[in-house]
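Pasting model-v9.txt here (compact mmCIF, N, CA and C atoms):
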# COMPACT_ATOMS: atom_id res chain seq x y z
N GLY A 1 81.24 82.52 55.52
CA GLY A 1 81.91 81.32 55.14
C GLY A 1 81.53 80.17 56.05
N ARG A 2 82.03 79.04 55.70
CA ARG A 2 81.78 77.83 56.48
C ARG A 2 83.12 77.24 56.89
N PHE A 3 83.09 76.52 57.97
CA PHE A 3 84.28 75.83 58.43
C PHE A 3 83.87 74.54 59.10
N ARG A 4 84.81 73.63 59.19
CA ARG A 4 84.58 72.35 59.84
C ARG A 4 85.81 72.05 60.68
N ILE A 5 85.58 71.67 61.91
CA ILE A 5 86.66 71.25 62.79
C ILE A 5 86.42 69.78 63.10
N ALA A 6 87.33 68.95 62.64
CA ALA A 6 87.17 67.51 62.81
C ALA A 6 87.93 67.02 64.04
N ALA A 7 87.48 65.90 64.57
CA ALA A 7 88.17 65.18 65.65
C ALA A 7 88.29 65.97 66.94
N LEU A 8 87.25 66.71 67.30
CA LEU A 8 87.24 67.36 68.62
C LEU A 8 86.87 66.34 69.67
N PRO A 9 87.46 66.42 70.83
CA PRO A 9 87.05 65.50 71.90
C PRO A 9 85.63 65.85 72.36
N ALA A 10 84.91 64.85 72.82
CA ALA A 10 83.55 65.07 73.31
C ALA A 10 83.60 66.03 74.50
N GLY A 11 82.51 66.78 74.66
CA GLY A 11 82.41 67.70 75.78
C GLY A 11 81.98 69.08 75.34
N ARG A 12 82.13 70.01 76.26
CA ARG A 12 81.71 71.40 76.03
C ARG A 12 82.90 72.20 75.52
N HIS A 13 82.65 72.99 74.46
CA HIS A 13 83.70 73.82 73.85
C HIS A 13 83.14 75.22 73.64
N ARG A 14 84.05 76.18 73.50
CA ARG A 14 83.67 77.56 73.19
C ARG A 14 84.26 77.91 71.83
N VAL A 15 83.45 78.61 71.00
CA VAL A 15 83.86 78.94 69.64
C VAL A 15 83.63 80.44 69.42
N THR A 16 84.57 81.08 68.75
CA THR A 16 84.42 82.47 68.35
C THR A 16 85.32 82.70 67.14
N PHE A 17 85.42 83.92 66.67
CA PHE A 17 86.38 84.25 65.62
C PHE A 17 86.97 85.62 65.93
N PHE A 18 88.04 85.93 65.25
CA PHE A 18 88.79 87.16 65.53
C PHE A 18 89.23 87.80 64.22
N HIS A 19 89.11 89.12 64.15
CA HIS A 19 89.70 89.89 63.06
C HIS A 19 90.24 91.17 63.68
N PRO A 20 91.52 91.50 63.46
CA PRO A 20 92.12 92.63 64.16
C PRO A 20 91.41 93.97 63.92
N THR A 21 90.95 94.23 62.72
CA THR A 21 90.26 95.50 62.45
C THR A 21 88.92 95.53 63.18
N PHE A 22 88.22 94.43 63.13
CA PHE A 22 86.93 94.31 63.81
C PHE A 22 87.11 94.58 65.31
N GLU A 23 88.11 93.96 65.89
CA GLU A 23 88.40 94.15 67.32
C GLU A 23 88.82 95.59 67.61
N ALA A 24 89.65 96.17 66.76
CA ALA A 24 90.14 97.53 66.99
C ALA A 24 89.01 98.56 66.96
N LEU A 25 87.93 98.25 66.27
CA LEU A 25 86.77 99.14 66.23
C LEU A 25 85.85 98.92 67.43
N GLY A 26 86.20 97.96 68.28
CA GLY A 26 85.42 97.73 69.49
C GLY A 26 84.33 96.69 69.35
N PHE A 27 84.43 95.85 68.33
CA PHE A 27 83.42 94.82 68.11
C PHE A 27 84.06 93.45 68.20
N GLY A 28 83.87 92.80 69.31
CA GLY A 28 84.34 91.42 69.44
C GLY A 28 83.21 90.48 69.07
N ALA A 29 83.57 89.40 68.44
CA ALA A 29 82.56 88.41 68.09
C ALA A 29 82.11 87.69 69.37
N PRO A 30 80.84 87.35 69.45
CA PRO A 30 80.37 86.64 70.64
C PRO A 30 81.00 85.26 70.74
N VAL A 31 81.17 84.80 71.96
CA VAL A 31 81.66 83.45 72.21
C VAL A 31 80.44 82.55 72.35
N LYS A 32 80.42 81.48 71.58
CA LYS A 32 79.30 80.54 71.61
C LYS A 32 79.74 79.24 72.26
N ALA A 33 78.90 78.71 73.11
CA ALA A 33 79.17 77.41 73.73
C ALA A 33 78.52 76.32 72.87
N VAL A 34 79.22 75.21 72.74
CA VAL A 34 78.69 74.09 71.97
C VAL A 34 79.10 72.79 72.67
N GLU A 35 78.19 71.84 72.70
CA GLU A 35 78.49 70.53 73.28
C GLU A 35 78.63 69.52 72.16
N ILE A 36 79.72 68.78 72.20
CA ILE A 36 80.00 67.77 71.19
C ILE A 36 79.92 66.40 71.86
N TRP A 37 79.16 65.49 71.25
CA TRP A 37 79.04 64.13 71.78
C TRP A 37 79.52 63.15 70.72
N PRO A 38 80.04 62.01 71.13
CA PRO A 38 80.57 61.03 70.16
C PRO A 38 79.55 60.69 69.09
N GLY A 39 80.01 60.72 67.84
CA GLY A 39 79.15 60.35 66.71
C GLY A 39 78.20 61.44 66.27
N GLN A 40 78.22 62.61 66.89
CA GLN A 40 77.30 63.68 66.51
C GLN A 40 78.07 64.87 65.96
N THR A 41 77.39 65.69 65.19
CA THR A 41 77.94 66.96 64.72
C THR A 41 77.13 68.07 65.33
N ALA A 42 77.71 69.24 65.38
CA ALA A 42 77.02 70.41 65.91
C ALA A 42 77.22 71.58 64.95
N GLU A 43 76.22 72.42 64.85
CA GLU A 43 76.31 73.61 64.01
C GLU A 43 76.26 74.84 64.91
N VAL A 44 77.16 75.77 64.67
CA VAL A 44 77.22 77.01 65.44
C VAL A 44 77.20 78.17 64.46
N ARG A 45 76.33 79.12 64.68
CA ARG A 45 76.28 80.32 63.83
C ARG A 45 77.03 81.44 64.53
N LEU A 46 78.03 81.97 63.85
CA LEU A 46 78.81 83.09 64.37
C LEU A 46 78.48 84.29 63.50
N LEU A 47 77.93 85.33 64.10
CA LEU A 47 77.44 86.48 63.34
C LEU A 47 78.15 87.76 63.76
N THR A 48 78.28 88.67 62.82
CA THR A 48 78.77 90.00 63.13
C THR A 48 77.56 90.88 63.49
N PRO A 49 77.78 92.01 64.16
CA PRO A 49 76.65 92.88 64.48
C PRO A 49 76.00 93.44 63.21
N SER A 50 74.74 93.80 63.32
CA SER A 50 74.03 94.38 62.18
C SER A 50 74.59 95.76 61.86
N PRO A 51 74.38 96.25 60.64
CA PRO A 51 74.83 97.61 60.31
C PRO A 51 74.26 98.67 61.26
N SER A 52 73.02 98.53 61.68
CA SER A 52 72.44 99.53 62.58
C SER A 52 73.10 99.48 63.95
N THR A 53 73.51 98.31 64.42
CA THR A 53 74.23 98.19 65.69
C THR A 53 75.59 98.85 65.60
N VAL A 54 76.30 98.60 64.49
CA VAL A 54 77.62 99.22 64.29
C VAL A 54 77.48 100.74 64.23
N LEU A 55 76.51 101.23 63.46
CA LEU A 55 76.30 102.68 63.34
C LEU A 55 75.97 103.30 64.69
N ALA A 56 75.10 102.66 65.47
CA ALA A 56 74.72 103.20 66.78
C ALA A 56 75.91 103.28 67.73
N LYS A 57 76.81 102.28 67.67
CA LYS A 57 77.96 102.29 68.57
C LYS A 57 79.02 103.30 68.14
N LEU A 58 79.30 103.35 66.85
CA LEU A 58 80.36 104.25 66.37
C LEU A 58 79.91 105.70 66.25
N CYS A 59 78.63 105.91 66.02
CA CYS A 59 78.09 107.26 65.83
C CYS A 59 76.87 107.42 66.72
N PRO A 60 77.08 107.64 68.03
CA PRO A 60 75.94 107.67 68.95
C PRO A 60 74.97 108.83 68.71
N ALA A 61 75.43 109.92 68.11
CA ALA A 61 74.50 111.02 67.80
C ALA A 61 73.53 110.54 66.73
N SER A 62 72.33 111.05 66.77
CA SER A 62 71.31 110.62 65.80
C SER A 62 71.79 110.93 64.39
N PRO A 63 71.93 109.91 63.53
CA PRO A 63 72.42 110.16 62.18
C PRO A 63 71.39 110.85 61.30
N GLU A 64 71.89 111.65 60.39
CA GLU A 64 71.02 112.29 59.40
C GLU A 64 70.55 111.23 58.42
N PRO A 65 69.40 111.46 57.79
CA PRO A 65 68.95 110.50 56.77
C PRO A 65 69.99 110.38 55.65
N LYS A 66 70.08 109.21 55.07
CA LYS A 66 70.99 108.92 53.95
C LYS A 66 72.46 109.15 54.30
N THR A 67 72.82 108.92 55.57
CA THR A 67 74.23 108.98 55.96
C THR A 67 74.60 107.68 56.67
N GLY A 68 75.89 107.44 56.73
CA GLY A 68 76.38 106.25 57.39
C GLY A 68 77.73 106.52 58.01
N VAL A 69 78.45 105.45 58.30
CA VAL A 69 79.78 105.56 58.89
C VAL A 69 80.77 104.88 57.95
N LEU A 70 81.88 105.54 57.72
CA LEU A 70 82.96 105.00 56.90
C LEU A 70 84.07 104.57 57.85
N VAL A 71 84.40 103.29 57.85
CA VAL A 71 85.43 102.77 58.75
C VAL A 71 86.58 102.20 57.93
N GLY A 72 87.77 102.23 58.52
CA GLY A 72 88.90 101.69 57.81
C GLY A 72 90.12 101.55 58.69
N LEU A 73 91.18 101.12 58.06
CA LEU A 73 92.46 100.89 58.71
C LEU A 73 93.53 101.51 57.83
N VAL A 74 94.39 102.34 58.41
CA VAL A 74 95.49 102.94 57.65
C VAL A 74 96.75 102.13 57.95
N ARG A 75 97.27 101.50 56.93
CA ARG A 75 98.46 100.66 57.08
C ARG A 75 99.72 101.51 56.96
N GLY A 76 100.74 101.08 57.68
CA GLY A 76 102.02 101.76 57.64
C GLY A 76 102.87 101.29 56.47
N ALA A 77 104.03 101.93 56.30
CA ALA A 77 104.93 101.59 55.20
C ALA A 77 105.56 100.22 55.40
N GLU A 78 105.75 99.82 56.64
CA GLU A 78 106.36 98.51 56.94
C GLU A 78 105.27 97.44 56.97
N ALA A 79 105.59 96.27 56.49
CA ALA A 79 104.63 95.17 56.45
C ALA A 79 104.04 94.91 57.83
N GLY A 80 102.71 94.86 57.90
CA GLY A 80 102.02 94.56 59.14
C GLY A 80 101.85 95.73 60.08
N SER A 81 102.40 96.89 59.75
CA SER A 81 102.29 98.04 60.66
C SER A 81 101.07 98.89 60.30
N THR A 82 100.62 99.68 61.26
CA THR A 82 99.51 100.62 61.04
C THR A 82 99.97 102.01 61.41
N GLU A 83 99.21 103.01 60.98
CA GLU A 83 99.55 104.40 61.24
C GLU A 83 98.66 104.97 62.35
N ARG A 84 99.27 105.25 63.49
CA ARG A 84 98.56 105.87 64.61
C ARG A 84 98.55 107.39 64.40
N GLY A 85 97.40 108.01 64.60
CA GLY A 85 97.29 109.47 64.52
C GLY A 85 97.28 110.04 63.13
N ALA A 86 97.12 109.20 62.10
CA ALA A 86 97.07 109.71 60.72
C ALA A 86 95.75 110.45 60.51
N GLU A 87 95.81 111.53 59.77
CA GLU A 87 94.59 112.29 59.45
C GLU A 87 93.90 111.66 58.25
N VAL A 88 92.60 111.45 58.39
CA VAL A 88 91.79 110.87 57.32
C VAL A 88 90.65 111.84 57.04
N THR A 89 90.49 112.19 55.77
CA THR A 89 89.43 113.14 55.37
C THR A 89 88.58 112.52 54.28
N ALA A 90 87.28 112.65 54.43
CA ALA A 90 86.33 112.25 53.38
C ALA A 90 85.69 113.54 52.86
N SER A 91 85.59 113.65 51.56
CA SER A 91 84.97 114.85 50.98
C SER A 91 83.96 114.43 49.91
N TRP A 92 82.97 115.28 49.72
CA TRP A 92 81.92 115.02 48.74
C TRP A 92 81.28 116.34 48.37
N ILE A 93 80.44 116.31 47.36
CA ILE A 93 79.73 117.51 46.91
C ILE A 93 78.24 117.24 46.96
N LEU A 94 77.52 118.11 47.62
CA LEU A 94 76.06 118.07 47.61
C LEU A 94 75.59 119.10 46.58
N TRP A 95 74.59 118.74 45.84
CA TRP A 95 74.02 119.64 44.84
C TRP A 95 72.62 120.04 45.25
N THR A 96 72.29 121.31 45.06
CA THR A 96 70.93 121.78 45.32
C THR A 96 70.42 122.52 44.10
N LEU A 97 69.14 122.43 43.91
CA LEU A 97 68.49 123.18 42.83
C LEU A 97 68.00 124.49 43.42
N GLU A 98 68.55 125.58 42.93
CA GLU A 98 68.20 126.90 43.43
C GLU A 98 67.79 127.78 42.26
N ARG A 99 67.33 128.97 42.57
CA ARG A 99 67.02 129.91 41.51
C ARG A 99 68.26 130.12 40.66
N GLY A 100 68.10 129.98 39.40
CA GLY A 100 69.24 130.16 38.51
C GLY A 100 69.98 128.88 38.20
N GLY A 101 69.57 127.77 38.80
CA GLY A 101 70.19 126.51 38.43
C GLY A 101 70.73 125.71 39.60
N MET A 102 71.61 124.78 39.26
CA MET A 102 72.21 123.88 40.26
C MET A 102 73.37 124.58 40.96
N ARG A 103 73.52 124.27 42.26
CA ARG A 103 74.62 124.86 43.03
C ARG A 103 75.34 123.76 43.81
N GLN A 104 76.68 123.84 43.80
CA GLN A 104 77.51 122.88 44.52
C GLN A 104 77.73 123.33 45.95
N HIS A 105 77.76 122.36 46.86
CA HIS A 105 78.07 122.62 48.27
C HIS A 105 79.13 121.60 48.71
N PRO A 106 80.42 121.96 48.61
CA PRO A 106 81.46 121.01 49.04
C PRO A 106 81.35 120.74 50.54
N ARG A 107 81.53 119.48 50.91
CA ARG A 107 81.47 119.07 52.32
C ARG A 107 82.65 118.15 52.60
N GLU A 108 83.07 118.11 53.86
CA GLU A 108 84.10 117.16 54.26
C GLU A 108 84.02 116.91 55.76
N THR A 109 84.59 115.80 56.16
CA THR A 109 84.73 115.47 57.57
C THR A 109 86.10 114.83 57.76
N THR A 110 86.72 115.12 58.89
CA THR A 110 88.09 114.65 59.15
C THR A 110 88.17 114.01 60.53
N THR A 111 89.03 113.02 60.63
CA THR A 111 89.31 112.38 61.92
C THR A 111 90.76 111.91 61.91
N ARG A 112 91.20 111.38 63.03
CA ARG A 112 92.54 110.80 63.13
C ARG A 112 92.40 109.32 63.50
N THR A 113 93.37 108.54 63.09
CA THR A 113 93.33 107.12 63.39
C THR A 113 93.65 106.87 64.87
N THR A 114 93.15 105.77 65.36
CA THR A 114 93.39 105.35 66.74
C THR A 114 94.79 104.77 66.87
N ASP A 115 95.15 104.35 68.06
CA ASP A 115 96.45 103.70 68.27
C ASP A 115 96.59 102.45 67.41
N ALA A 116 95.47 101.82 67.08
CA ALA A 116 95.50 100.61 66.25
C ALA A 116 95.45 100.92 64.76
N GLY A 117 95.39 102.21 64.40
CA GLY A 117 95.36 102.60 62.99
C GLY A 117 93.98 102.63 62.37
N THR A 118 92.93 102.42 63.17
CA THR A 118 91.57 102.42 62.63
C THR A 118 90.96 103.81 62.71
N PHE A 119 89.92 104.01 61.91
CA PHE A 119 89.18 105.28 61.95
C PHE A 119 87.71 105.01 61.67
N ALA A 120 86.87 105.96 62.11
CA ALA A 120 85.44 105.94 61.83
C ALA A 120 85.01 107.37 61.54
N LEU A 121 84.46 107.60 60.38
CA LEU A 121 83.95 108.91 59.99
C LEU A 121 82.43 108.84 59.94
N CYS A 122 81.76 109.55 60.84
CA CYS A 122 80.30 109.54 60.92
C CYS A 122 79.72 110.63 60.02
N GLY A 123 78.46 110.43 59.63
CA GLY A 123 77.75 111.44 58.86
C GLY A 123 78.13 111.49 57.39
N VAL A 124 78.76 110.44 56.90
CA VAL A 124 79.16 110.39 55.49
C VAL A 124 77.94 109.98 54.66
N PRO A 125 77.65 110.72 53.59
CA PRO A 125 76.45 110.39 52.80
C PRO A 125 76.56 109.03 52.12
N THR A 126 75.42 108.39 51.98
CA THR A 126 75.37 107.07 51.33
C THR A 126 74.86 107.16 49.90
N ASP A 127 74.49 108.36 49.45
CA ASP A 127 73.87 108.48 48.13
C ASP A 127 74.63 109.35 47.15
N VAL A 128 75.88 109.73 47.47
CA VAL A 128 76.72 110.48 46.54
C VAL A 128 78.14 109.92 46.61
N PRO A 129 78.94 110.11 45.56
CA PRO A 129 80.33 109.65 45.60
C PRO A 129 81.11 110.39 46.71
N VAL A 130 81.95 109.64 47.40
CA VAL A 130 82.77 110.19 48.49
C VAL A 130 84.23 109.88 48.18
N GLN A 131 85.07 110.90 48.32
CA GLN A 131 86.50 110.71 48.11
C GLN A 131 87.19 110.65 49.47
N LEU A 132 88.07 109.67 49.66
CA LEU A 132 88.76 109.49 50.92
C LEU A 132 90.22 109.85 50.76
Could the structure of this file be written out as structure tokens, please?
Amino acid sequence: GRFRIAALPAGRHRVTFFHPTFEALGFGAPVKAVEIWPGQTAEVRLLTPSPSTVLAKLCPASPEPKTGVLVGLVRGAEAGSTERGAEVTASWILWTLERGGMRQHPRETTTRTTDAGTFALCGVPTDVPVQL
């Protein structure tokens, strides 16, 4: 998205952004310095980490081909609350061609949410339907 902040006093300023889920997963947005002078505008690009950076941080073990990380937040029953320690399971079916035909191989991975209610499930396939 784009944003505009009008009527800033001249001088040096710091700009960043915040999202609670992003922060809870351990990814803070970088703080950018910008200098504003009378009569001038400045452009600042605020970027999130690349998917490969996120995957490397959340899943430090070498990922299998065609897998990724599934991240989320489990909300509580009360408005604005999250669920700490909730069990989250992702399941999927891998199919193989074997003698006699196709064979199903059910797979799943489970984790618990953090104190902030977030979770990260590593090794989730990117090329088959996954049920959470």
Shell around Thr96 of chain A at 12 Å using only C-alpha atoms, local window under 5 positions removed, as a VMD selection string: chain A and resid 101 to 106
Would you save the residues of that selection, restricted to N, CA and C atoms, as an mmCIF file, in the coordinates of the input?
data_model
loop_
_atom_site.group_PDB
_atom_site.id
_atom_site.type_symbol
_atom_site.label_atom_id
_atom_site.label_comp_id
_atom_site.auth_asym_id
_atom_site.auth_seq_id
_atom_site.Cartn_x
_atom_site.Cartn_y
_atom_site.Cartn_z
ATOM 1 N N GLY A 101 69.570 127.770 38.800
ATOM 2 C CA GLY A 101 70.190 126.510 38.430
ATOM 3 C C GLY A 101 70.730 125.710 39.600
ATOM 4 N N MET A 102 71.610 124.780 39.260
ATOM 5 C CA MET A 102 72.210 123.880 40.260
ATOM 6 C C MET A 102 73.370 124.580 40.960
ATOM 7 N N ARG A 103 73.520 124.270 42.260
ATOM 8 C CA ARG A 103 74.620 124.860 43.030
ATOM 9 C C ARG A 103 75.340 123.760 43.810
ATOM 10 N N GLN A 104 76.680 123.840 43.800
ATOM 11 C CA GLN A 104 77.510 122.880 44.520
ATOM 12 C C GLN A 104 77.730 123.330 45.950
ATOM 13 N N HIS A 105 77.760 122.360 46.860
ATOM 14 C CA HIS A 105 78.070 122.620 48.270
ATOM 15 C C HIS A 105 79.130 121.600 48.710
ATOM 16 N N PRO A 106 80.420 121.960 48.610
ATOM 17 C CA PRO A 106 81.460 121.010 49.040
ATOM 18 C C PRO A 106 81.350 120.740 50.540
#
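You will find atom CA of Pro38 of chain A at 27.8 Å from atom CA of Phe18 of chain A.
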What gap, in Å, lies between atom C of Val31 of chain A and atom C of Arg12 of chain A?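 Computing it gives 11.1 Å between the two atoms.
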Between A:Arg112, A:Arg75, A:Thr41, A:Pro51, which residue has the minimum interatomic distance to Glu87 of chain A, considering all atoms listed in the file? A:Arg112
Contacts of segment 124-126 of chain A at 8 Å or less, counting only N, CA and C atoms, minus same-chain residues fewer than 3 places along, as a VMD selection string? chain A and resid 64 to 70 90 92 109 121 129 to 130
Quick one: pull the distance between atom C of Arg4 of chain A and atom C of Pro30 of chain A, Å, one decimal.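 A separation of 17.3 Å between them.
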Which residues in segment 2-121 of chain A does DSSP call strand (DSSP E or B)? List them as JSON, numbers by chain. {"A": [11, 12, 13, 14, 15, 32, 33, 34, 35, 36, 67, 68, 69, 70, 71, 72, 73, 75, 82, 87, 88, 89, 90, 91, 92, 93, 94, 95, 96, 97, 98, 101, 102, 103, 104, 105, 106, 107, 108, 109, 110, 111, 112, 118, 119, 120, 121]}
Please report, as JSON, the centre and edge lengths in Å to one decimal of an axis-aligned box covering all listed atoms of segment 21-33 of chain A with 8 Å per side.
{"center_x": 84.7, "center_y": 87.7, "center_z": 68.1, "size_x": 28.4, "size_y": 38.8, "size_z": 27.3}
Which residue gives the smallest distance to Thr82 of chain A among A:Ala116, A:Ala61, A:Ala10, A:Leu46, with all atoms listed in the file counted? A:Ala116
Which polymer residues have any atom within 6.5 Å of an atom of Gly11 of chain A, counting only N, CA and C atoms, with same-chain residues fewer than 2 positions away left out, as JSON, numbers by chain? {"A": [9, 13, 34, 35, 36, 37, 38]}
Could you check the closest approach to Gly80 of chain A for each of A:Gly28, A:Gly100, A:Gly117, A:Pro60 and tell me which residue wins, using only C-alpha atoms?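 Closest to Gly80 of chain A, using only C-alpha atoms: A:Gly117.
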Which residues come within 5 Å of Arg84 of chain A, counting only N, CA and C atoms, excluding same-chain residues fewer than 4 positions away, as number ranges by chain? A: 113-115, 117
At a cut-off of 8 Å, using only C-alpha atoms, what residues contact Arg107 of chain A? Leave out same-chain residues fewer than 6 positions from it and give the result as a VMD selection string. chain A and resid 91 to 94
Which of A:Leu132, A:Ala42, A:Val71, A:Asp127 sits closest to Val88 of chain A [using all atoms listed in the file]: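 Of all the options, A:Leu132 lies closest to Val88 of chain A.
You can rank A:Leu73, A:Val44, A:Leu58, A:Leu97 by their closest distance to Thr118 of chain A using only C-alpha atoms, and at the top of that list sits A:Leu73.
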